[in-house]
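Containing compact mmCIF, C-alpha atoms and all ligand atoms: run.txt.
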```txt
# COMPACT_ATOMS: atom_id res chain seq x y z
CA MET A 1 0.00 0.00 0.00
CA THR A 2 1.48 3.36 -0.92
CA ASP A 3 -0.98 5.65 0.90
CA GLY A 4 0.18 7.67 3.90
CA TRP A 5 -0.94 5.05 6.40
CA ILE A 6 1.32 2.56 8.11
CA ASN A 7 -0.26 -0.86 7.74
CA ILE A 8 0.73 -3.33 10.43
CA ALA A 9 0.08 -7.08 10.36
CA LEU A 10 -0.16 -8.57 13.84
CA PRO A 11 -0.23 -12.29 14.65
CA LYS A 12 -3.53 -13.27 16.29
CA GLY A 13 -3.04 -14.40 19.88
CA ARG A 14 -0.87 -13.61 22.86
CA LEU A 15 2.20 -12.59 20.88
CA GLY A 16 0.15 -10.16 18.78
CA GLU A 17 -1.33 -8.60 21.90
CA LYS A 18 2.14 -8.11 23.39
CA ALA A 19 3.31 -6.60 20.11
CA TYR A 20 0.30 -4.27 20.05
CA ASP A 21 1.22 -3.10 23.57
CA ILE A 22 4.58 -2.01 22.19
CA PHE A 23 3.02 -0.09 19.29
CA GLU A 24 0.54 1.56 21.64
CA SER A 25 3.25 2.57 24.09
CA ILE A 26 5.12 4.48 21.36
CA GLY A 27 2.05 6.42 20.24
CA TYR A 28 0.50 4.20 17.55
CA GLY A 29 -2.50 3.15 19.58
CA CYS A 30 -5.89 2.25 18.22
CA PRO A 31 -8.10 1.87 21.33
CA GLU A 32 -10.92 0.06 19.52
CA ILE A 33 -8.59 -2.91 19.00
CA ARG A 34 -9.00 -3.84 22.69
CA GLU A 35 -12.80 -3.88 22.46
CA SER A 36 -13.65 -6.22 19.61
CA SER A 37 -12.67 -9.86 19.42
CA ARG A 38 -13.82 -10.82 15.89
CA LYS A 39 -13.05 -7.72 13.86
CA LEU A 40 -9.88 -8.11 11.80
CA ILE A 41 -8.97 -4.60 10.65
CA PHE A 42 -8.65 -1.56 12.89
CA GLU A 43 -7.56 1.93 12.00
CA ASN A 44 -6.78 5.15 13.74
CA ALA A 45 -6.86 8.09 11.31
CA GLU A 46 -5.38 10.40 13.93
CA ASN A 47 -2.00 8.72 13.88
CA GLY A 48 -2.34 7.03 10.48
CA VAL A 49 -2.07 3.39 11.54
CA ARG A 50 -4.06 0.42 10.37
CA TYR A 51 -3.79 -2.99 12.06
CA PHE A 52 -4.67 -6.39 10.58
CA TRP A 53 -5.00 -9.49 12.74
CA VAL A 54 -3.76 -12.45 10.72
CA LYS A 55 -2.71 -16.03 11.33
CA PRO A 56 0.85 -15.96 12.76
CA SER A 57 2.27 -17.99 9.89
CA ASP A 58 0.66 -15.60 7.35
CA VAL A 59 2.09 -12.31 8.71
CA ALA A 60 5.17 -12.42 6.49
CA VAL A 61 3.04 -13.23 3.43
CA TYR A 62 1.05 -10.01 3.90
CA VAL A 63 4.28 -8.08 4.39
CA GLU A 64 6.14 -9.68 1.48
CA ARG A 65 3.26 -8.85 -0.88
CA GLY A 66 2.91 -5.29 0.43
CA ALA A 67 -0.60 -5.67 1.85
CA ALA A 68 1.06 -4.71 5.13
CA ASP A 69 4.08 -2.39 5.42
CA VAL A 70 5.34 -4.01 8.59
CA GLY A 71 4.49 -7.04 10.66
CA VAL A 72 5.46 -9.03 13.71
CA VAL A 73 6.58 -12.59 13.18
CA GLY A 74 8.54 -15.28 15.01
CA LYS A 75 12.08 -16.02 13.88
CA ASP A 76 11.03 -19.68 13.52
CA ILE A 77 8.62 -18.80 10.71
CA LEU A 78 11.19 -16.60 8.98
CA GLU A 79 13.81 -19.36 9.15
CA GLU A 80 11.40 -21.99 7.90
CA LYS A 81 9.95 -20.10 4.95
CA GLY A 82 12.63 -17.58 3.90
CA PHE A 83 10.59 -14.51 2.87
CA ASP A 84 11.81 -11.62 0.74
CA ILE A 85 11.41 -8.93 3.42
CA TYR A 86 13.58 -6.77 5.66
CA GLU A 87 14.06 -7.84 9.24
CA LEU A 88 14.18 -4.55 11.13
CA LEU A 89 14.21 -5.31 14.83
CA ASP A 90 14.30 -8.04 17.44
CA LEU A 91 11.30 -7.14 19.62
CA GLY A 92 12.51 -9.30 22.51
CA ILE A 93 9.08 -10.89 23.00
CA GLY A 94 7.84 -14.39 22.19
CA LYS A 95 11.13 -15.86 23.34
CA CYS A 96 11.58 -19.60 22.98
CA ARG A 97 13.98 -21.96 21.18
CA MET A 98 14.05 -24.42 18.34
CA ALA A 99 15.31 -27.74 19.63
CA VAL A 100 15.75 -31.41 18.92
CA ALA A 101 13.97 -33.50 21.54
CA GLY A 102 13.18 -37.12 22.16
CA ILE A 103 12.33 -39.67 24.81
CA LYS A 104 14.06 -38.94 28.11
CA GLY A 105 17.21 -40.97 28.56
CA SER A 106 17.15 -42.43 25.05
CA ARG A 107 19.59 -41.53 22.27
CA PRO A 108 19.02 -42.43 18.60
CA ASP A 109 21.33 -44.95 16.93
CA PRO A 110 23.83 -42.84 14.90
CA GLU A 111 24.15 -45.65 12.33
CA LEU A 112 20.50 -45.48 11.30
CA THR A 113 18.59 -42.92 9.26
CA LEU A 114 17.08 -40.54 11.81
CA ARG A 115 13.29 -40.22 11.68
CA VAL A 116 12.45 -36.59 12.47
CA ALA A 117 8.88 -35.46 13.17
CA THR A 118 8.40 -31.72 12.76
CA LYS A 119 6.31 -28.75 11.67
CA PHE A 120 9.57 -27.23 10.40
CA PRO A 121 10.94 -29.50 7.64
CA ASN A 122 13.24 -26.87 6.11
CA ILE A 123 14.85 -25.99 9.43
CA ALA A 124 15.28 -29.69 10.25
CA ARG A 125 16.73 -30.48 6.83
CA ARG A 126 19.22 -27.60 7.01
CA TYR A 127 20.27 -28.52 10.54
CA TYR A 128 20.98 -32.17 9.74
CA ARG A 129 22.54 -31.41 6.33
CA GLN A 130 25.11 -29.29 8.09
CA LYS A 131 25.78 -32.26 10.39
CA SER A 132 25.86 -34.62 7.37
CA ARG A 133 23.22 -36.75 9.05
CA GLU A 134 20.81 -38.76 6.93
CA ILE A 135 17.19 -38.14 7.95
CA ASP A 136 13.64 -39.05 7.09
CA ILE A 137 11.29 -36.10 7.66
CA ILE A 138 7.81 -36.77 8.98
CA LYS A 139 5.84 -33.57 8.44
CA LEU A 140 3.16 -32.98 11.09
CA HIS A 141 1.00 -29.97 11.90
CA GLY A 142 0.77 -30.09 15.71
CA SER A 143 1.12 -32.26 18.82
CA ILE A 144 4.53 -33.27 17.45
CA GLU A 145 5.52 -34.66 20.85
CA ILE A 146 3.32 -37.71 20.28
CA ALA A 147 5.43 -39.00 17.37
CA PRO A 148 8.42 -40.35 19.37
CA ILE A 149 6.12 -41.67 22.12
CA LEU A 150 4.30 -43.81 19.57
CA GLY A 151 7.60 -44.88 18.01
CA MET A 152 6.81 -43.12 14.74
CA SER A 153 9.91 -40.90 14.96
CA ASP A 154 13.26 -40.99 16.77
CA VAL A 155 13.26 -37.26 17.54
CA ILE A 156 11.23 -34.13 17.04
CA VAL A 157 12.41 -30.72 15.87
CA ASP A 158 10.08 -28.28 17.56
CA ILE A 159 9.63 -25.13 19.59
CA VAL A 160 10.33 -25.32 23.30
CA GLU A 161 9.08 -22.45 25.40
CA THR A 162 8.57 -23.36 29.05
CA GLY A 163 9.51 -27.02 28.50
CA THR A 164 6.21 -28.13 30.08
CA THR A 165 4.96 -30.08 27.05
CA LEU A 166 8.21 -32.06 26.92
CA ARG A 167 8.26 -32.70 30.68
CA GLU A 168 4.64 -33.82 30.84
CA ASN A 169 5.27 -36.31 28.06
CA ASP A 170 8.58 -37.71 29.41
CA LEU A 171 10.62 -36.12 26.68
CA GLU A 172 13.76 -33.96 26.92
CA VAL A 173 15.82 -31.58 24.82
CA PHE A 174 18.74 -33.34 23.10
CA GLU A 175 20.18 -30.37 21.20
CA GLU A 176 19.35 -26.69 20.84
CA ILE A 177 19.18 -25.40 17.28
CA PHE A 178 18.65 -21.63 17.66
CA PRO A 179 16.95 -19.10 19.94
CA ILE A 180 13.65 -17.61 18.76
CA SER A 181 12.02 -14.24 19.36
CA ALA A 182 9.54 -12.03 17.52
CA ARG A 183 10.90 -9.76 14.80
CA LEU A 184 9.58 -6.56 13.27
CA ILE A 185 9.71 -7.04 9.52
CA ALA A 186 9.05 -4.65 6.64
CA ASN A 187 8.04 -4.83 3.03
CA ARG A 188 11.03 -3.85 0.85
CA VAL A 189 9.12 -1.30 -1.26
CA SER A 190 7.37 0.24 1.77
CA TYR A 191 10.71 0.58 3.50
CA LYS A 192 11.92 2.67 0.56
CA PHE A 193 8.81 4.82 0.05
CA LYS A 194 7.77 5.19 3.69
CA ASN A 195 11.33 5.26 4.96
CA GLY A 196 10.93 8.33 7.22
CA PRO A 197 7.83 7.14 9.11
CA LEU A 198 9.05 3.54 9.34
CA ARG A 199 12.46 4.52 10.64
CA ALA A 200 10.87 6.87 13.15
CA MET A 201 8.68 4.00 14.30
CA CYS A 202 11.68 1.66 14.62
CA GLU A 203 13.67 4.19 16.61
CA LYS A 204 10.82 4.63 19.06
CA ILE A 205 10.43 0.88 19.43
CA ALA A 206 14.17 0.41 19.87
CA GLU A 207 14.14 2.94 22.72
CA ARG A 208 11.22 1.13 24.34
CA ILE A 209 12.56 -2.46 24.22
C1 LIG A 301 4.10 -25.37 20.69
C2 LIG A 301 5.23 -26.33 20.40
C3 LIG A 301 5.22 -27.22 21.61
C4 LIG A 301 4.79 -26.26 22.73
C5 LIG A 301 6.00 -25.83 23.50
O1 LIG A 301 2.92 -25.98 20.35
O2 LIG A 301 5.01 -27.02 19.18
O3 LIG A 301 4.30 -28.24 21.47
O4 LIG A 301 4.19 -25.14 22.09
O5 LIG A 301 5.65 -25.02 24.58
P1 LIG A 301 6.12 -25.36 26.07
O6 LIG A 301 7.58 -25.64 26.03
O7 LIG A 301 5.82 -24.07 26.82
O8 LIG A 301 5.31 -26.50 26.57
P2 LIG A 301 1.56 -25.21 20.17
O9 LIG A 301 1.04 -24.73 21.47
O10 LIG A 301 1.74 -24.15 19.13
O11 LIG A 301 0.57 -26.35 19.65
P3 LIG A 301 0.70 -27.48 18.53
O12 LIG A 301 1.05 -28.72 19.25
O13 LIG A 301 -0.66 -27.54 17.95
O14 LIG A 301 1.74 -27.07 17.54
```
Can the structure in the file be given as structure tokens, please?
Amino acid sequence: MTDGWINIALPKGRLGEKAYDIFESIGYGCPEIRESSRKLIFENAENGVRYFWVKPSDVAVYVERGAADVGVVGKDILEEKGFDIYELLDLGIGKCRMAVAGIKGSRPDPELTLRVATKFPNIARRYYRQKSREIDIIKLHGSIEIAPILGMSDVIVDIVETGTTLRENDLEVFEEIFPISARLIANRVSYKFKNGPLRAMCEKIAERI
């Protein structure tokens, strides 16, 4: 969008709410956003901001295609999909880690092809390629922890936040892959044509975090 507004894609859910708190605290508030639970687009003409609530994994799609100028997205999604966007800031929220985990006390046989259950096949492939380890990816969409318990995979590559899901299922972290946090990203064209307002926004956020 090349109008004078700043269009911001927020991930629906707790992370998006935390991110909105940051935008509000630096003067880009849109009070109505706190009132409605089903509305998806909110704007505040006074300070020229428009917010979209989108599925977390879609934020970078809206930004890459210019439907949003900036967005908030987890580093895990950026690493998995590789979007053509600018990563402007680490917002320091939504902190967790990408890890390899498996059944507590067990270790996979290094001689055998490793069966890896994951929502993140590209991250898993890259990680094991760099270790020259042969793997068989089992792509799942949730409740990944069940795969090793049922003997369908040897390990999982997944997000660990508090570690509760692993603990409650008798699993443990074997290896850490990388730390994750939410990033402020920008559309490349927007960053050129709305450079002043976007940089001003970034500077204010950087002071706040
Ligand atoms: C994520 C992740 C783990 C869990 C980790 O799942 O895939 O299962 O959170 O959090 P914890 O370390 O604090 O327990 P999510 O809640 O997104 O659900 P999913 O199983 O449907 O992917």
Task: Selection: 12 Å around A:Lys204, only C-alpha atoms, excl. self and same-chain fewer than 6 positions, as a list in words - done: Ile22, Phe23, Glu24, Ser25, Ile26, Gly27, Tyr28, Leu89, Leu91, Pro197 and Leu198 of chain A
TODO: Give the residue list for ligand LIG 301 (chain A) at 7 Å, counting all atoms listed in the file, as an MDAnalysis selection string, sorted by chain and then by residue number.
DONE: chainID A and resid 141:145 158:166
TODO: Step by step: start from the point (11.3, -37.5, 23.9) in the file's coordinates, keep every protein, DNA or RNA residue that has an atom no farther than 6 Å from it, count all atoms listed in the file, and write the set as a PyMOL selection string.
DONE: chain A and resi 101-104+171-172
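Atom to atom, atom CA of A:Val54 and atom CA of A:Tyr20 stand 13.1 Å apart.
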Could you put an axis-aligned box around every listed atom of stretch 55-73 of chain A, padded by 8 Å on each side, and send me its centre and edge lengths in Å to one decimal, as AutoDock Vina command-line options?
```
--center_x 1.9 --center_y -10.2 --center_z 6.4 --size_x 25.3 --size_y 31.6 --size_z 30.6
```
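Nearest residue to A:Ile205, choosing from A:Ile6, A:Ala19, A:Ile149, A:Ala45 and counting only C-alpha atoms: A:Ala19.
Using all atoms listed in the file, the shortest contact distance between A:Leu184 and any of A:Asp136, A:Asp109, A:Glu87, A:Asp21 is found at A:Glu87.
Pairwise distance (atom CA of A:Thr113, atom CA of A:Asp76) equals 24.8 Å.
For the atom pair formed by atom CA of A:Glu168 and atom CA of A:Lys12, the distance is 26.5 Å, given to one decimal.
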Task: Spatial sel., origin (2.6, -5.6, 11.0), limit 10 Å, all atoms listed in the file, listed as a PyMOL selection string - done: chain A and resi 6-11+16+19-20+23+50-54+59-60+62-63+67-73+184-187
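Compared by their closest atoms to A:Glu80, and using all atoms listed in the file, the residues A:Arg107, A:Lys194, A:Arg125, A:Arg65 rank with A:Arg125 nearest.
Each of A:Ser106, A:Asn169, A:Ser190, A:Asn122 was checked against A:Ile77 using all atoms listed in the file; the smallest atom-to-atom distance is that of A:Asn122.
Each of A:Leu78, A:Val61, A:Ile138, A:Met98 was checked against A:Glu176 using all atoms listed in the file; the smallest atom-to-atom distance is that of A:Met98.
Using only C-alpha atoms, the smallest distance between any of A:Met152, A:Phe193, A:Ile123, A:Gln130 and A:Trp5 comes from A:Phe193.
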Task: Who sits within 6 Å of A:Thr118, all atoms listed in the file, same chain under 6 positions skipped, as a ChimeraX atom specification - done: /A:139-140,156-157
Task: Who sits within 6 Å of A:Arg115, all atoms listed in the file, same chain under 2 positions skipped, as a ChimeraX atom specification - done: /A:135-136,153-154
Since we have the selection now, will you write its residues out, keeping C-alpha atoms, as a PDB file, in the coordinates of the input?
```
ATOM      1  CA  ILE A 135      17.190 -38.140   7.950  1.00  0.00           C
ATOM      2  CA  ASP A 136      13.640 -39.050   7.090  1.00  0.00           C
ATOM      3  CA  SER A 153       9.910 -40.900  14.960  1.00  0.00           C
ATOM      4  CA  ASP A 154      13.260 -40.990  16.770  1.00  0.00           C
TER       5      ASP A 154
END
```
